[in-house]
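Below you'll find the structure, written out as structure tokens, and then a few comments.
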Amino acid sequence: MKKKLKIAMIFSSDPSQAGGVQEHIFYLSKELAKLGHKIDIFGPEKNILPYINYHPIAKAIRLPIPNGNWANITVKNDEKHEVAEIIEKGKFDLIHIHEPYIPFINWDVYKNTTAIKVATFHTAWNNDSIINVINPFLTLFKESFSTYFKAAIFVSKIGKKRWQYLCEKNVIKKIIYNAVDNKAFKPGKINEKKITRLLFVGRLVNRKGLIYLLRAIKKITANNPDVKLTILGDGPERLKSEKYVKDNNLNRFVEFAGEIFGKKRISYYQKSDIFCAPYIDEAFGITILEALACGVPVVGFKNESFLEILKGYPYPKLFVNNGNVIELSQVLKQLISSDEKRSEIGRWGIERVKKFNWTNTAKETEKLYYQILEI
């Protein structure tokens, strides 16, 4: 039997908000613990999810970035203690740093600790994204990154495509997909009302494309008066979005429910007829898996990551060009008017997401740990 590991997991995304990185850490750490490993998680304050062995060692400060998203930097939450020193004293077999490019705590940890390190990259961007301006500069950091890290994990092929230039040949590069909790996310009761319920889940930042969805809703309500869009999430774009709804008399068609966690959030998926994903610059899209696991068909923009995880989707034309409101409204109309299409996609989705489960993700991650530790 191989040695069970003592692992430090570091992340910078604000744990007081919902997000793909936060959920990844939560589920991955739980599954690794089931495999017998000792996990300690280090991240920002104000965590909402019940992480195991959580240590709040940082403050998250939110800043805008060029592609319309908001990102965090992290700083110490206690001037008396150096974060790297705290982790070094833990004598971990391995340090797993998520989003290693985010300053400043991640930088402190990987530069000033001695344990072997692995990084996970959770972000990516499209070919036409403004973020591509950083591409020529990534190779400038290749030597530094490859000095500190033994392996790099990417949550999708497009993630690897964007970040692999940080890795020298000595760094192991591995795609390990995100996943969904198949036991919790499952089909619920059929919507018996005559309302077609649409659902959006995501941080309310420009990159998530909510404004495009609202414009599409405006175009379809005249001929579809029984449509209701529920928005789960919060963020800097909320006031702007609420103003658009009010100014365009969409209040009876759109509900802002705020951030919802746990079983209550799952119930929103289960009561929905269509999931809307107008996301731009997406590395994976855990919410899409959550919707499909609940038997809910998806429409949205055709990001590379979506085409990857939705390979074999029964109606690929339901994913349209980024930012095209007319096309988005047209595919929404198609799916609203076809019970048959919705049912077919629902059945397909339930089968498709079986491939993406946290047990497999954890086992693949464990295998990589042993490989870089040469155990």
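Quick note on naming: the chains in the structure tokens go A, B, ... in the order shown, residues restart at 1 in each chain, and ligands are numbered from 1 in order of appearance.
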Return as CSV the residues of region 83-186 of chain A lying at most 12 Å from region 268-278 of chain A, together with the closest atom-to-atom pair for each and the distance in Å to one decimal, counting only C-alpha atoms, with rows in chain order and ascending residue number.
```
residue,atom,partner,partner_atom,distance
A:Ala184,CA,A:Gln270,CA,10.9
A:Phe185,CA,A:Gln270,CA,8.3
A:Lys186,CA,A:Gln270,CA,7.4
```
Legend entry - Contacts of region 358-360 of chain A within 9 Å, only C-alpha atoms, excl. fewer than 4 positions in-chain, as a PyMOL selection string: chain A and resi 24+27-28+31-32+178-182+364-365
Resulting file, chosen residues, all heavy atoms, as an mmCIF file, in the first residue's frame:
```
data_model
loop_
_atom_site.group_PDB
_atom_site.id
_atom_site.type_symbol
_atom_site.label_atom_id
_atom_site.label_comp_id
_atom_site.auth_asym_id
_atom_site.auth_seq_id
_atom_site.Cartn_x
_atom_site.Cartn_y
_atom_site.Cartn_z
ATOM 1 N N HIS A 24 -14.391 23.349 -6.690
ATOM 2 C CA HIS A 24 -13.332 22.387 -7.012
ATOM 3 C C HIS A 24 -12.560 22.009 -5.749
ATOM 4 O O HIS A 24 -12.338 20.826 -5.474
ATOM 5 C CB HIS A 24 -12.406 22.995 -8.056
ATOM 6 C CG HIS A 24 -11.291 22.103 -8.480
ATOM 7 N ND1 HIS A 24 -11.289 21.430 -9.680
ATOM 8 C CD2 HIS A 24 -10.112 21.768 -7.869
ATOM 9 C CE1 HIS A 24 -10.174 20.713 -9.785
ATOM 10 N NE2 HIS A 24 -9.445 20.916 -8.702
ATOM 11 N N TYR A 27 -14.846 19.846 -3.253
ATOM 12 C CA TYR A 27 -15.104 18.444 -3.614
ATOM 13 C C TYR A 27 -13.813 17.638 -3.746
ATOM 14 O O TYR A 27 -13.756 16.476 -3.316
ATOM 15 C CB TYR A 27 -15.907 18.375 -4.912
ATOM 16 C CG TYR A 27 -17.353 18.765 -4.747
ATOM 17 C CD1 TYR A 27 -17.843 19.959 -5.264
ATOM 18 C CD2 TYR A 27 -18.242 17.932 -4.073
ATOM 19 C CE1 TYR A 27 -19.182 20.319 -5.113
ATOM 20 C CE2 TYR A 27 -19.577 18.278 -3.913
ATOM 21 C CZ TYR A 27 -20.036 19.481 -4.439
ATOM 22 O OH TYR A 27 -21.353 19.817 -4.274
ATOM 23 N N LEU A 28 -12.784 18.221 -4.323
ATOM 24 C CA LEU A 28 -11.528 17.484 -4.485
ATOM 25 C C LEU A 28 -10.940 17.113 -3.126
ATOM 26 O O LEU A 28 -10.489 15.980 -2.919
ATOM 27 C CB LEU A 28 -10.527 18.322 -5.282
ATOM 28 C CG LEU A 28 -9.130 17.701 -5.452
ATOM 29 C CD1 LEU A 28 -9.210 16.383 -6.220
ATOM 30 C CD2 LEU A 28 -8.199 18.676 -6.165
ATOM 31 N N GLU A 31 -12.820 14.197 -1.533
ATOM 32 C CA GLU A 31 -12.537 12.900 -2.152
ATOM 33 C C GLU A 31 -11.127 12.414 -1.842
ATOM 34 O O GLU A 31 -10.898 11.219 -1.638
ATOM 35 C CB GLU A 31 -12.754 12.977 -3.665
ATOM 36 C CG GLU A 31 -14.201 13.155 -4.082
ATOM 37 C CD GLU A 31 -15.085 11.998 -3.650
ATOM 38 O OE1 GLU A 31 -14.610 10.840 -3.665
ATOM 39 O OE2 GLU A 31 -16.249 12.251 -3.291
ATOM 40 N N LEU A 32 -10.165 13.333 -1.791
ATOM 41 C CA LEU A 32 -8.804 12.939 -1.416
ATOM 42 C C LEU A 32 -8.764 12.454 0.028
ATOM 43 O O LEU A 32 -8.030 11.502 0.359
ATOM 44 C CB LEU A 32 -7.845 14.114 -1.605
ATOM 45 C CG LEU A 32 -7.508 14.487 -3.054
ATOM 46 C CD1 LEU A 32 -6.734 15.797 -3.108
ATOM 47 C CD2 LEU A 32 -6.693 13.372 -3.730
ATOM 48 N N ASN A 178 -12.645 19.046 -14.276
ATOM 49 C CA ASN A 178 -13.576 19.318 -13.197
ATOM 50 C C ASN A 178 -14.659 18.254 -13.210
ATOM 51 O O ASN A 178 -14.760 17.449 -14.140
ATOM 52 C CB ASN A 178 -14.206 20.700 -13.377
ATOM 53 C CG ASN A 178 -13.365 21.806 -12.766
ATOM 54 O OD1 ASN A 178 -12.833 21.662 -11.669
ATOM 55 N ND2 ASN A 178 -13.233 22.909 -13.470
ATOM 56 N N ALA A 179 -15.516 18.281 -12.199
ATOM 57 C CA ALA A 179 -16.531 17.237 -12.105
ATOM 58 C C ALA A 179 -17.788 17.793 -11.448
ATOM 59 O O ALA A 179 -17.900 18.987 -11.179
ATOM 60 C CB ALA A 179 -15.975 16.051 -11.313
ATOM 61 N N VAL A 180 -18.739 16.903 -11.196
ATOM 62 C CA VAL A 180 -19.995 17.277 -10.554
ATOM 63 C C VAL A 180 -20.345 16.198 -9.539
ATOM 64 O O VAL A 180 -19.973 15.027 -9.700
ATOM 65 C CB VAL A 180 -21.123 17.424 -11.608
ATOM 66 C CG1 VAL A 180 -21.411 16.095 -12.291
ATOM 67 C CG2 VAL A 180 -22.386 18.015 -11.007
ATOM 68 N N ASP A 181 -21.025 16.596 -8.485
ATOM 69 C CA ASP A 181 -21.482 15.654 -7.470
ATOM 70 C C ASP A 181 -22.741 14.965 -8.006
ATOM 71 O O ASP A 181 -23.858 15.464 -7.861
ATOM 72 C CB ASP A 181 -21.787 16.404 -6.168
ATOM 73 C CG ASP A 181 -22.195 15.472 -5.032
ATOM 74 O OD1 ASP A 181 -22.444 14.275 -5.297
ATOM 75 O OD2 ASP A 181 -22.278 15.934 -3.878
ATOM 76 N N ASN A 182 -22.556 13.796 -8.628
ATOM 77 C CA ASN A 182 -23.664 13.109 -9.294
ATOM 78 C C ASN A 182 -24.735 12.624 -8.324
ATOM 79 O O ASN A 182 -25.887 12.426 -8.713
ATOM 80 C CB ASN A 182 -23.143 11.906 -10.097
ATOM 81 C CG ASN A 182 -22.119 12.310 -11.133
ATOM 82 O OD1 ASN A 182 -20.932 12.376 -10.847
ATOM 83 N ND2 ASN A 182 -22.582 12.584 -12.347
ATOM 84 N N GLU A 364 -7.249 10.539 -10.258
ATOM 85 C CA GLU A 364 -6.283 11.030 -11.231
ATOM 86 C C GLU A 364 -5.288 11.986 -10.575
ATOM 87 O O GLU A 364 -4.096 11.970 -10.883
ATOM 88 C CB GLU A 364 -7.016 11.739 -12.376
ATOM 89 C CG GLU A 364 -7.713 10.817 -13.347
ATOM 90 C CD GLU A 364 -6.713 10.005 -14.160
ATOM 91 O OE1 GLU A 364 -5.840 10.597 -14.812
ATOM 92 O OE2 GLU A 364 -6.798 8.757 -14.133
ATOM 93 N N THR A 365 -5.786 12.815 -9.672
ATOM 94 C CA THR A 365 -4.920 13.758 -8.954
ATOM 95 C C THR A 365 -3.962 13.010 -8.041
ATOM 96 O O THR A 365 -2.763 13.319 -7.980
ATOM 97 C CB THR A 365 -5.773 14.746 -8.138
ATOM 98 O OG1 THR A 365 -6.705 15.405 -9.010
ATOM 99 C CG2 THR A 365 -4.901 15.783 -7.454
#
```
Legend entry - Among listed residues A:Gly202, A:Gly90, A:Gly43, A:Pro225, nearest Gly258 (chain A) (using only C-alpha atoms): A:Gly202
Exercise: Glu23 (chain A) partners within 12 Å, only C-alpha atoms, chain neighbours under 2 positions left out, as a tab-separated table (two decimals) with all heavy atoms, in the first residue's frame:
```
chain	number	residue	atom	x	y	z
A	11	PHE	N	-5.46	28.23	-2.10
A	11	PHE	CA	-6.20	28.90	-3.16
A	11	PHE	C	-6.49	30.34	-2.78
A	11	PHE	O	-6.42	30.72	-1.60
A	11	PHE	CB	-7.49	28.15	-3.50
A	11	PHE	CG	-8.62	28.31	-2.51
A	11	PHE	CD1	-9.68	29.14	-2.79
A	11	PHE	CD2	-8.62	27.61	-1.31
A	11	PHE	CE1	-10.74	29.28	-1.91
A	11	PHE	CE2	-9.66	27.75	-0.42
A	11	PHE	CZ	-10.73	28.59	-0.71
A	13	SER	N	-9.25	32.31	-4.53
A	13	SER	CA	-10.60	32.78	-4.85
A	13	SER	C	-11.40	33.02	-3.58
A	13	SER	O	-11.28	32.27	-2.61
A	13	SER	CB	-11.31	31.75	-5.73
A	13	SER	OG	-10.68	31.65	-6.99
A	14	ASP	N	-12.21	34.05	-3.59
A	14	ASP	CA	-12.96	34.47	-2.41
A	14	ASP	C	-13.95	33.38	-1.98
A	14	ASP	O	-14.92	33.12	-2.69
A	14	ASP	CB	-13.71	35.77	-2.73
A	14	ASP	CG	-14.37	36.38	-1.51
A	14	ASP	OD1	-14.48	35.70	-0.47
A	14	ASP	OD2	-14.79	37.55	-1.59
A	15	PRO	N	-13.73	32.74	-0.83
A	15	PRO	CA	-14.59	31.63	-0.42
A	15	PRO	C	-15.92	32.08	0.18
A	15	PRO	O	-16.74	31.26	0.57
A	15	PRO	CB	-13.75	30.91	0.64
A	15	PRO	CG	-12.92	32.00	1.23
A	15	PRO	CD	-12.63	32.97	0.12
A	16	SER	N	-16.15	33.40	0.23
A	16	SER	CA	-17.45	33.89	0.66
A	16	SER	C	-18.41	34.00	-0.51
A	16	SER	O	-19.57	34.36	-0.34
A	16	SER	CB	-17.31	35.26	1.35
A	16	SER	OG	-16.95	36.26	0.41
A	17	GLN	N	-17.93	33.70	-1.72
A	17	GLN	CA	-18.74	33.75	-2.92
A	17	GLN	C	-18.75	32.38	-3.60
A	17	GLN	O	-17.84	31.59	-3.44
A	17	GLN	CB	-18.20	34.79	-3.90
A	17	GLN	CG	-18.16	36.21	-3.36
A	17	GLN	CD	-17.58	37.18	-4.36
A	17	GLN	OE1	-16.84	36.81	-5.26
A	17	GLN	NE2	-17.92	38.46	-4.21
A	18	ALA	N	-19.81	32.15	-4.37
A	18	ALA	CA	-19.86	30.92	-5.16
A	18	ALA	C	-18.91	31.04	-6.34
A	18	ALA	O	-18.65	32.12	-6.84
A	18	ALA	CB	-21.28	30.69	-5.66
A	19	GLY	N	-18.36	29.90	-6.77
A	19	GLY	CA	-17.45	29.92	-7.91
A	19	GLY	C	-16.89	28.55	-8.18
A	19	GLY	O	-16.87	27.67	-7.31
A	20	GLY	N	-16.41	28.35	-9.41
A	20	GLY	CA	-15.90	27.05	-9.81
A	20	GLY	C	-14.68	26.61	-9.03
A	20	GLY	O	-14.55	25.43	-8.67
A	21	VAL	N	-13.76	27.54	-8.76
A	21	VAL	CA	-12.55	27.18	-8.01
A	21	VAL	C	-12.92	26.76	-6.59
A	21	VAL	O	-12.42	25.75	-6.06
A	21	VAL	CB	-11.55	28.35	-7.97
A	21	VAL	CG1	-10.34	27.99	-7.12
A	21	VAL	CG2	-11.11	28.73	-9.37
A	25	ILE	N	-12.13	23.01	-5.00
A	25	ILE	CA	-11.38	22.76	-3.76
A	25	ILE	C	-12.22	21.94	-2.79
A	25	ILE	O	-11.74	20.98	-2.17
A	25	ILE	CB	-10.98	24.10	-3.10
A	25	ILE	CG1	-10.11	24.95	-4.02
A	25	ILE	CG2	-10.28	23.84	-1.76
A	25	ILE	CD1	-8.75	24.41	-4.28
A	26	PHE	N	-13.47	22.31	-2.65
A	26	PHE	CA	-14.36	21.64	-1.69
A	26	PHE	C	-14.50	20.15	-2.01
A	26	PHE	O	-14.29	19.29	-1.15
A	26	PHE	CB	-15.74	22.32	-1.71
A	26	PHE	CG	-16.76	21.67	-0.83
A	26	PHE	CD1	-16.67	21.75	0.55
A	26	PHE	CD2	-17.82	20.96	-1.39
A	26	PHE	CE1	-17.62	21.14	1.37
A	26	PHE	CE2	-18.77	20.35	-0.59
A	26	PHE	CZ	-18.67	20.45	0.80
A	27	TYR	N	-14.85	19.85	-3.25
A	27	TYR	CA	-15.10	18.44	-3.61
A	27	TYR	C	-13.81	17.64	-3.75
A	27	TYR	O	-13.76	16.48	-3.32
A	27	TYR	CB	-15.91	18.37	-4.91
A	27	TYR	CG	-17.35	18.77	-4.75
A	27	TYR	CD1	-17.84	19.96	-5.26
A	27	TYR	CD2	-18.24	17.93	-4.07
A	27	TYR	CE1	-19.18	20.32	-5.11
A	27	TYR	CE2	-19.58	18.28	-3.91
A	27	TYR	CZ	-20.04	19.48	-4.44
A	27	TYR	OH	-21.35	19.82	-4.27
A	28	LEU	N	-12.78	18.22	-4.32
A	28	LEU	CA	-11.53	17.48	-4.48
A	28	LEU	C	-10.94	17.11	-3.13
A	28	LEU	O	-10.49	15.98	-2.92
A	28	LEU	CB	-10.53	18.32	-5.28
A	28	LEU	CG	-9.13	17.70	-5.45
A	28	LEU	CD1	-9.21	16.38	-6.22
A	28	LEU	CD2	-8.20	18.68	-6.16
A	29	SER	N	-10.94	18.05	-2.19
A	29	SER	CA	-10.36	17.78	-0.87
A	29	SER	C	-11.15	16.69	-0.15
A	29	SER	O	-10.56	15.83	0.52
A	29	SER	CB	-10.32	19.06	-0.03
A	29	SER	OG	-11.61	19.60	0.18
A	30	LYS	N	-12.48	16.70	-0.29
A	30	LYS	CA	-13.30	15.67	0.34
A	30	LYS	C	-12.97	14.29	-0.22
A	30	LYS	O	-12.84	13.31	0.54
A	30	LYS	CB	-14.78	15.97	0.12
A	30	LYS	CG	-15.35	17.05	1.02
A	30	LYS	CD	-16.82	17.29	0.74
A	30	LYS	CE	-17.65	16.07	1.04
A	30	LYS	NZ	-19.11	16.35	0.86
A	47	ASN	N	-14.99	31.95	4.76
A	47	ASN	CA	-15.42	30.83	3.95
A	47	ASN	C	-16.86	30.44	4.29
A	47	ASN	O	-17.26	30.44	5.45
A	47	ASN	CB	-14.48	29.63	4.13
A	47	ASN	CG	-14.36	29.20	5.58
A	47	ASN	OD1	-13.92	29.97	6.42
A	47	ASN	ND2	-14.76	27.98	5.89
A	48	ILE	N	-17.62	30.11	3.25
A	48	ILE	CA	-19.01	29.69	3.43
A	48	ILE	C	-19.15	28.18	3.34
A	48	ILE	O	-19.82	27.55	4.14
A	48	ILE	CB	-19.92	30.37	2.38
A	48	ILE	CG1	-20.02	31.87	2.68
A	48	ILE	CG2	-21.31	29.75	2.37
A	48	ILE	CD1	-20.85	32.65	1.70
A	49	LEU	N	-18.51	27.56	2.35
A	49	LEU	CA	-18.56	26.11	2.22
A	49	LEU	C	-17.84	25.46	3.41
A	49	LEU	O	-16.83	25.99	3.89
A	49	LEU	CB	-17.91	25.67	0.91
A	49	LEU	CG	-18.68	26.01	-0.37
A	49	LEU	CD1	-17.82	25.71	-1.59
A	49	LEU	CD2	-19.98	25.25	-0.44
A	50	PRO	N	-18.32	24.31	3.88
A	50	PRO	CA	-17.69	23.64	5.02
A	50	PRO	C	-16.44	22.86	4.63
A	50	PRO	O	-16.41	21.63	4.62
A	50	PRO	CB	-18.80	22.70	5.51
A	50	PRO	CG	-19.60	22.39	4.29
A	50	PRO	CD	-19.57	23.63	3.45
A	51	TYR	N	-15.38	23.59	4.30
A	51	TYR	CA	-14.12	22.95	3.93
A	51	TYR	C	-13.55	22.16	5.11
A	51	TYR	O	-13.72	22.55	6.27
A	51	TYR	CB	-13.09	24.00	3.52
A	51	TYR	CG	-13.42	24.79	2.28
A	51	TYR	CD1	-13.89	26.10	2.38
A	51	TYR	CD2	-13.26	24.25	1.02
A	51	TYR	CE1	-14.20	26.84	1.24
A	51	TYR	CE2	-13.56	24.98	-0.12
A	51	TYR	CZ	-14.03	26.27	0.00
A	51	TYR	OH	-14.33	27.01	-1.11
A	122	HIS	N	-7.08	27.16	-13.46
A	122	HIS	CA	-8.54	27.11	-13.58
A	122	HIS	C	-9.09	28.07	-14.63
A	122	HIS	O	-10.30	28.09	-14.86
A	122	HIS	CB	-9.19	27.43	-12.24
A	122	HIS	CG	-8.98	26.40	-11.19
A	122	HIS	ND1	-9.85	25.34	-11.00
A	122	HIS	CD2	-8.00	26.25	-10.25
A	122	HIS	CE1	-9.41	24.59	-10.00
A	122	HIS	NE2	-8.29	25.12	-9.53
A	178	ASN	N	-12.64	19.05	-14.28
A	178	ASN	CA	-13.58	19.32	-13.20
A	178	ASN	C	-14.66	18.25	-13.21
A	178	ASN	O	-14.76	17.45	-14.14
A	178	ASN	CB	-14.21	20.70	-13.38
A	178	ASN	CG	-13.36	21.81	-12.77
A	178	ASN	OD1	-12.83	21.66	-11.67
A	178	ASN	ND2	-13.23	22.91	-13.47
A	179	ALA	N	-15.52	18.28	-12.20
A	179	ALA	CA	-16.53	17.24	-12.10
A	179	ALA	C	-17.79	17.79	-11.45
A	179	ALA	O	-17.90	18.99	-11.18
A	179	ALA	CB	-15.98	16.05	-11.31
A	180	VAL	N	-18.74	16.90	-11.20
A	180	VAL	CA	-19.99	17.28	-10.55
A	180	VAL	C	-20.34	16.20	-9.54
A	180	VAL	O	-19.97	15.03	-9.70
A	180	VAL	CB	-21.12	17.42	-11.61
A	180	VAL	CG1	-21.41	16.10	-12.29
A	180	VAL	CG2	-22.39	18.02	-11.01
A	181	ASP	N	-21.03	16.60	-8.48
A	181	ASP	CA	-21.48	15.65	-7.47
A	181	ASP	C	-22.74	14.96	-8.01
A	181	ASP	O	-23.86	15.46	-7.86
A	181	ASP	CB	-21.79	16.40	-6.17
A	181	ASP	CG	-22.19	15.47	-5.03
A	181	ASP	OD1	-22.44	14.28	-5.30
A	181	ASP	OD2	-22.28	15.93	-3.88
A	261	PHE	N	-26.66	28.56	-1.97
A	261	PHE	CA	-25.72	27.45	-1.78
A	261	PHE	C	-26.47	26.18	-1.38
A	261	PHE	O	-27.63	26.22	-0.98
A	261	PHE	CB	-24.69	27.80	-0.69
A	261	PHE	CG	-23.82	28.98	-1.01
A	261	PHE	CD1	-24.21	30.26	-0.65
A	261	PHE	CD2	-22.63	28.81	-1.69
A	261	PHE	CE1	-23.40	31.36	-0.94
A	261	PHE	CE2	-21.82	29.89	-1.99
A	261	PHE	CZ	-22.21	31.16	-1.61
A	262	GLY	N	-25.76	25.06	-1.48
A	262	GLY	CA	-26.26	23.80	-0.94
A	262	GLY	C	-27.45	23.22	-1.67
A	262	GLY	O	-27.66	23.41	-2.87
A	285	GLY	N	-16.67	25.44	-16.87
A	285	GLY	CA	-18.11	25.59	-16.72
A	285	GLY	C	-18.74	24.48	-15.90
A	285	GLY	O	-19.50	23.66	-16.42
A	286	ILE	N	-18.44	24.45	-14.60
A	286	ILE	CA	-19.02	23.43	-13.71
A	286	ILE	C	-20.55	23.53	-13.70
A	286	ILE	O	-21.25	22.52	-13.60
A	286	ILE	CB	-18.45	23.57	-12.29
A	286	ILE	CG1	-16.97	23.13	-12.27
A	286	ILE	CG2	-19.24	22.73	-11.29
A	286	ILE	CD1	-16.30	23.26	-10.92
A	287	THR	N	-21.07	24.75	-13.83
A	287	THR	CA	-22.52	24.92	-13.78
A	287	THR	C	-23.22	24.18	-14.92
A	287	THR	O	-24.35	23.72	-14.76
A	287	THR	CB	-22.90	26.41	-13.84
A	287	THR	OG1	-22.31	27.00	-15.00
A	287	THR	CG2	-22.43	27.14	-12.60
A	290	GLU	N	-23.59	20.69	-13.76
A	290	GLU	CA	-24.63	20.62	-12.74
A	290	GLU	C	-26.02	20.61	-13.38
A	290	GLU	O	-26.91	19.85	-12.96
A	290	GLU	CB	-24.49	21.80	-11.77
A	290	GLU	CG	-23.23	21.71	-10.92
A	290	GLU	CD	-22.98	22.94	-10.06
A	290	GLU	OE1	-23.59	23.99	-10.32
A	290	GLU	OE2	-22.15	22.86	-9.13
A	358	TRP	N	-16.25	13.33	-9.19
A	358	TRP	CA	-15.14	13.75	-8.33
A	358	TRP	C	-14.28	12.58	-7.85
A	358	TRP	O	-13.10	12.76	-7.55
A	358	TRP	CB	-15.68	14.53	-7.14
A	358	TRP	CG	-16.12	15.91	-7.52
A	358	TRP	CD1	-17.38	16.40	-7.57
A	358	TRP	CD2	-15.27	16.98	-7.96
A	358	TRP	NE1	-17.38	17.71	-8.00
A	358	TRP	CE2	-16.10	18.09	-8.25
A	358	TRP	CE3	-13.89	17.11	-8.14
A	358	TRP	CZ2	-15.61	19.31	-8.70
A	358	TRP	CZ3	-13.39	18.32	-8.59
A	358	TRP	CH2	-14.23	19.41	-8.86
```
Inset, instruction - Mind listing the helix (DSSP H, G or I) residues of region 4-202 of chain A, per DSSP on the backbone, as a PyMOL selection string? - result: chain A and resi 20-34+83-89+105-111+130-148+157-166
Legend entry - 9 Å contact set for region 106-121 of chain A, only C-alpha atoms, chain neighbours under 2 positions out, as a ChimeraX atom specification: /A:10-12,74,82-85,87-88,91-104,123-124,148-155,159-160,163,283,369,372-373
Legend entry - Interatomic distance (Å, one decimal) between CA of Ile336 (chain A) and CA of Asp234 (chain A):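 One can read the CA of Ile336 (chain A) to CA of Asp234 (chain A) distance as 26.1 Å.
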Legend entry - Nearest to Ala362 (chain A), chosen from A:Leu239, A:Ala33, A:Lys157, A:Ile134, with only C-alpha atoms counted in the distances: A:Ala33
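Secondary structure by DSSP on the backbone puts the following residues of region 65-96 of chain A in strand (DSSP E): Trp70, Ala71, Asn72, Ile73, Thr74, Val75, Lys76, Leu94, Ile95 and His96 of chain A.
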Using the selection just defined, write its residues with C-alpha atoms as a PDB file, in the first residue's frame.
```pdb
ATOM      1  CA  TRP A  70     -13.067  40.476 -11.494  1.00  0.00           C
ATOM      2  CA  ALA A  71     -10.163  38.655  -9.862  1.00  0.00           C
ATOM      3  CA  ASN A  72      -8.643  38.495  -6.423  1.00  0.00           C
ATOM      4  CA  ILE A  73      -5.236  39.239  -5.074  1.00  0.00           C
ATOM      5  CA  THR A  74      -4.465  37.990  -1.591  1.00  0.00           C
ATOM      6  CA  VAL A  75      -2.551  39.621   1.241  1.00  0.00           C
ATOM      7  CA  LYS A  76      -1.715  38.492   4.751  1.00  0.00           C
ATOM      8  CA  LEU A  94       3.216  18.123  -1.092  1.00  0.00           C
ATOM      9  CA  ILE A  95       1.844  21.620  -1.640  1.00  0.00           C
ATOM     10  CA  HIS A  96      -0.931  21.996  -4.208  1.00  0.00           C
TER      11      HIS A  96
END
```
